[in-house]
$ cat entry_2.txt   # compact mmCIF, C-alpha atoms
# COMPACT_ATOMS: atom_id res chain seq x y z
CA MET A 1 -121.32 -20.79 -48.15
CA VAL A 2 -119.63 -22.07 -51.32
CA TRP A 3 -118.09 -18.64 -51.93
CA THR A 4 -116.61 -18.54 -48.42
CA ILE A 5 -115.19 -22.05 -48.63
CA ALA A 6 -113.71 -21.38 -52.07
CA GLU A 7 -111.60 -18.58 -50.60
CA HIS A 8 -109.14 -21.24 -49.42
CA PHE A 9 -109.26 -23.55 -52.45
CA ASP A 10 -106.16 -23.38 -54.64
CA THR A 11 -105.83 -26.67 -56.54
CA GLU A 12 -107.39 -28.22 -59.62
CA LEU A 13 -108.63 -31.10 -57.45
CA LEU A 14 -110.59 -28.77 -55.19
CA LYS A 15 -111.94 -26.92 -58.22
CA LYS A 16 -113.13 -30.25 -59.66
CA GLN A 17 -114.89 -31.03 -56.38
CA VAL A 18 -116.78 -27.73 -56.57
CA GLU A 19 -117.77 -28.54 -60.16
CA ILE A 20 -119.08 -31.93 -59.02
CA PHE A 21 -120.94 -30.22 -56.17
CA GLN A 22 -122.46 -27.84 -58.72
CA ARG A 23 -123.58 -30.75 -60.88
CA ASP A 24 -125.03 -32.71 -57.97
CA PHE A 25 -126.80 -29.78 -56.28
CA ALA A 26 -127.67 -27.55 -59.25
CA GLN A 27 -131.25 -27.08 -58.06
CA GLU A 28 -130.31 -26.15 -54.49
CA VAL A 29 -127.37 -23.80 -55.10
CA SER A 30 -127.30 -20.51 -56.99
CA ALA A 31 -125.42 -20.85 -60.28
CA GLU A 32 -124.06 -17.32 -59.79
CA TYR A 33 -122.46 -18.21 -56.45
CA ILE A 34 -120.86 -21.29 -57.96
CA ARG A 35 -119.57 -19.26 -60.91
CA LEU A 36 -118.05 -16.71 -58.53
CA ALA A 37 -116.54 -19.49 -56.41
CA LEU A 38 -114.96 -21.09 -59.49
CA GLU A 39 -113.54 -17.71 -60.54
CA ARG A 40 -112.05 -17.28 -57.09
CA ILE A 41 -110.52 -20.76 -57.24
CA ASP A 42 -109.02 -19.97 -60.66
CA ASP A 43 -107.53 -16.77 -59.19
CA ASN A 44 -106.11 -18.74 -56.24
CA ILE A 45 -104.59 -21.36 -58.56
CA ALA A 46 -103.00 -18.63 -60.68
CA TRP A 47 -101.61 -16.93 -57.56
CA MET A 48 -100.10 -20.20 -56.32
CA THR A 49 -98.61 -20.90 -59.75
CA ARG A 50 -96.97 -17.45 -59.82
CA ASN A 51 -95.75 -17.40 -56.22
CA PHE A 52 -95.19 -20.96 -54.97
CA ASP A 53 -91.48 -21.22 -55.79
CA ASP A 54 -90.75 -17.80 -54.28
CA ILE A 55 -92.57 -18.75 -51.07
CA VAL A 56 -90.74 -22.08 -50.80
CA ASN A 57 -87.40 -20.35 -51.34
CA TRP A 58 -88.20 -17.67 -48.77
CA LEU A 59 -89.15 -20.33 -46.22
CA LYS A 60 -85.96 -22.31 -46.88
CA ASN A 61 -83.83 -19.16 -46.65
CA ASN A 62 -85.46 -18.21 -43.35
CA GLY A 63 -84.92 -21.49 -41.56
CA TYR A 64 -88.12 -23.44 -42.22
CA ASP A 65 -88.01 -27.08 -43.26
CA LYS A 66 -90.44 -28.96 -45.51
CA HIS A 67 -92.58 -29.85 -42.48
CA GLY A 68 -93.11 -26.22 -41.48
CA SER A 69 -90.74 -26.36 -38.52
CA ILE A 70 -88.35 -23.47 -38.02
CA HIS A 71 -84.67 -24.04 -37.40
CA GLU A 72 -81.92 -21.60 -36.64
CA THR A 73 -80.07 -20.74 -39.79
CA GLU A 74 -76.31 -21.12 -39.79
CA LYS A 75 -74.47 -17.89 -39.28
CA SER A 76 -71.67 -17.26 -41.76

$ encode --input "entry_2.txt" --output "structure tokens"
Amino acid sequence: MVWTIAEHFDTELLKKQVEIFQRDFAQEVSAEYIRLALERIDDNIAWMTRNFDDIVNWLKNNGYDKHGSIHETEKS
């Protein structure tokens, strides 16, 4: 379950929450699954760090606003 949820985690805050979960439920949850989940979160954070600006620029250049709404782009 932790592994599946971690697939969508991509911030230091969410990583910290998994670490707290690990601490609080160490007896109930496999350490290996938590380790794998934390690795996946680190990979997601790295991906976001590398690609965030490019994604934002692409969205802006293709008519999306900061709220995720699409608008027609002006034609030159």

$ closest_residue --input "entry_2.txt" --among "A:Trp58, A:Tyr64, A:Phe21, A:Phe9" --to "Asn44 in chain A" --atoms "only C-alpha atoms"
A:Phe9

$ closest_residue --input "entry_2.txt" --among "A:Gln22, A:Ser30, A:Ile45, A:Leu36" --to "Thr4 in chain A" --atoms "all atoms listed in the file"
A:Leu36

$ residues_near_point --input "entry_2.txt" --point "(-117.3, -18.3, -55.7)" --cutoff "10 Å" --atoms "all atoms listed in the file" --output "list in words"
Met1, Val2, Trp3, Thr4, Ile5, Ala6, Glu7, Val18, Ala31, Glu32, Tyr33, Ile34, Arg35, Leu36, Ala37, Leu38, Glu39, Arg40, Ile41 and Asp42 of chain A

$ closest_residue --input "entry_2.txt" --among "A:Val29, A:Ile70, A:Met48, A:Ile20" --to "His8 in chain A" --atoms "only C-alpha atoms"
A:Met48

$ atom_distance --input "entry_2.txt" --atom1 "CA of Glu19 in chain A" --atom2 "CA of Asp53 in chain A"
27.6 Å

$ atom_distance --input "entry_2.txt" --atom1 "CA of Leu14 in chain A" --atom2 "CA of Arg50 in chain A"
18.3 Å

$ atom_distance --input "entry_2.txt" --atom1 "CA of Phe52 in chain A" --atom2 "CA of Leu13 in chain A"
17.0 Å

$ closest_residue --input "entry_2.txt" --among "A:Lys60, A:Ala46, A:Arg23, A:Glu28" --to "Thr11 in chain A" --atoms "only C-alpha atoms"
A:Ala46

$ decode --input "entry_2.txt" --residues "range 2-27 of chain A" --atoms "N, CA and C atoms" --output "compact mmCIF listing (two decimals), in the first residue's frame"
# COMPACT_ATOMS: atom_id res chain seq x y z
N VAL A 2 1.87 1.31 0.85
CA VAL A 2 2.73 2.49 0.92
C VAL A 2 3.44 2.72 -0.41
N TRP A 3 3.89 1.65 -1.04
CA TRP A 3 4.57 1.74 -2.33
C TRP A 3 3.65 2.36 -3.38
N THR A 4 2.40 1.93 -3.42
CA THR A 4 1.45 2.43 -4.40
C THR A 4 1.15 3.90 -4.17
N ILE A 5 0.94 4.27 -2.94
CA ILE A 5 0.65 5.67 -2.61
C ILE A 5 1.84 6.55 -2.96
N ALA A 6 3.04 6.07 -2.68
CA ALA A 6 4.25 6.86 -2.90
C ALA A 6 4.47 7.19 -4.37
N GLU A 7 3.84 6.44 -5.25
CA GLU A 7 3.99 6.69 -6.69
C GLU A 7 3.63 8.13 -7.04
N HIS A 8 2.73 8.74 -6.29
CA HIS A 8 2.25 10.09 -6.58
C HIS A 8 2.86 11.15 -5.69
N PHE A 9 3.74 10.78 -4.78
CA PHE A 9 4.35 11.74 -3.86
C PHE A 9 5.58 12.36 -4.51
N ASP A 10 5.66 13.70 -4.49
CA ASP A 10 6.77 14.36 -5.16
C ASP A 10 7.25 15.62 -4.44
N THR A 11 7.04 15.68 -3.12
CA THR A 11 7.52 16.82 -2.34
C THR A 11 8.23 16.34 -1.08
N GLU A 12 9.07 17.21 -0.55
CA GLU A 12 9.77 16.89 0.71
C GLU A 12 8.77 16.71 1.85
N LEU A 13 7.68 17.48 1.84
CA LEU A 13 6.66 17.35 2.88
C LEU A 13 6.05 15.95 2.88
N LEU A 14 5.68 15.47 1.71
CA LEU A 14 5.10 14.13 1.63
C LEU A 14 6.11 13.06 2.02
N LYS A 15 7.37 13.27 1.64
CA LYS A 15 8.41 12.33 2.05
C LYS A 15 8.52 12.30 3.58
N LYS A 16 8.49 13.46 4.20
CA LYS A 16 8.57 13.54 5.66
C LYS A 16 7.40 12.80 6.30
N GLN A 17 6.22 12.91 5.72
CA GLN A 17 5.06 12.21 6.26
C GLN A 17 5.23 10.70 6.19
N VAL A 18 5.85 10.21 5.12
CA VAL A 18 6.13 8.77 5.03
C VAL A 18 7.15 8.37 6.09
N GLU A 19 8.14 9.20 6.31
CA GLU A 19 9.14 8.91 7.35
C GLU A 19 8.50 8.87 8.73
N ILE A 20 7.56 9.76 8.99
CA ILE A 20 6.84 9.75 10.26
C ILE A 20 5.98 8.49 10.37
N PHE A 21 5.32 8.14 9.27
CA PHE A 21 4.53 6.91 9.23
C PHE A 21 5.42 5.71 9.54
N GLN A 22 6.60 5.68 8.95
CA GLN A 22 7.55 4.59 9.20
C GLN A 22 7.90 4.52 10.68
N ARG A 23 8.18 5.65 11.27
CA ARG A 23 8.53 5.70 12.69
C ARG A 23 7.37 5.22 13.56
N ASP A 24 6.17 5.68 13.25
CA ASP A 24 5.00 5.37 14.08
C ASP A 24 4.49 3.94 13.90
N PHE A 25 4.73 3.35 12.74
CA PHE A 25 4.20 2.01 12.46
C PHE A 25 5.29 1.02 12.07
N ALA A 26 6.46 1.18 12.64
CA ALA A 26 7.62 0.35 12.29
C ALA A 26 7.34 -1.13 12.47
N GLN A 27 6.57 -1.50 13.46
CA GLN A 27 6.30 -2.91 13.72
C GLN A 27 5.29 -3.50 12.73
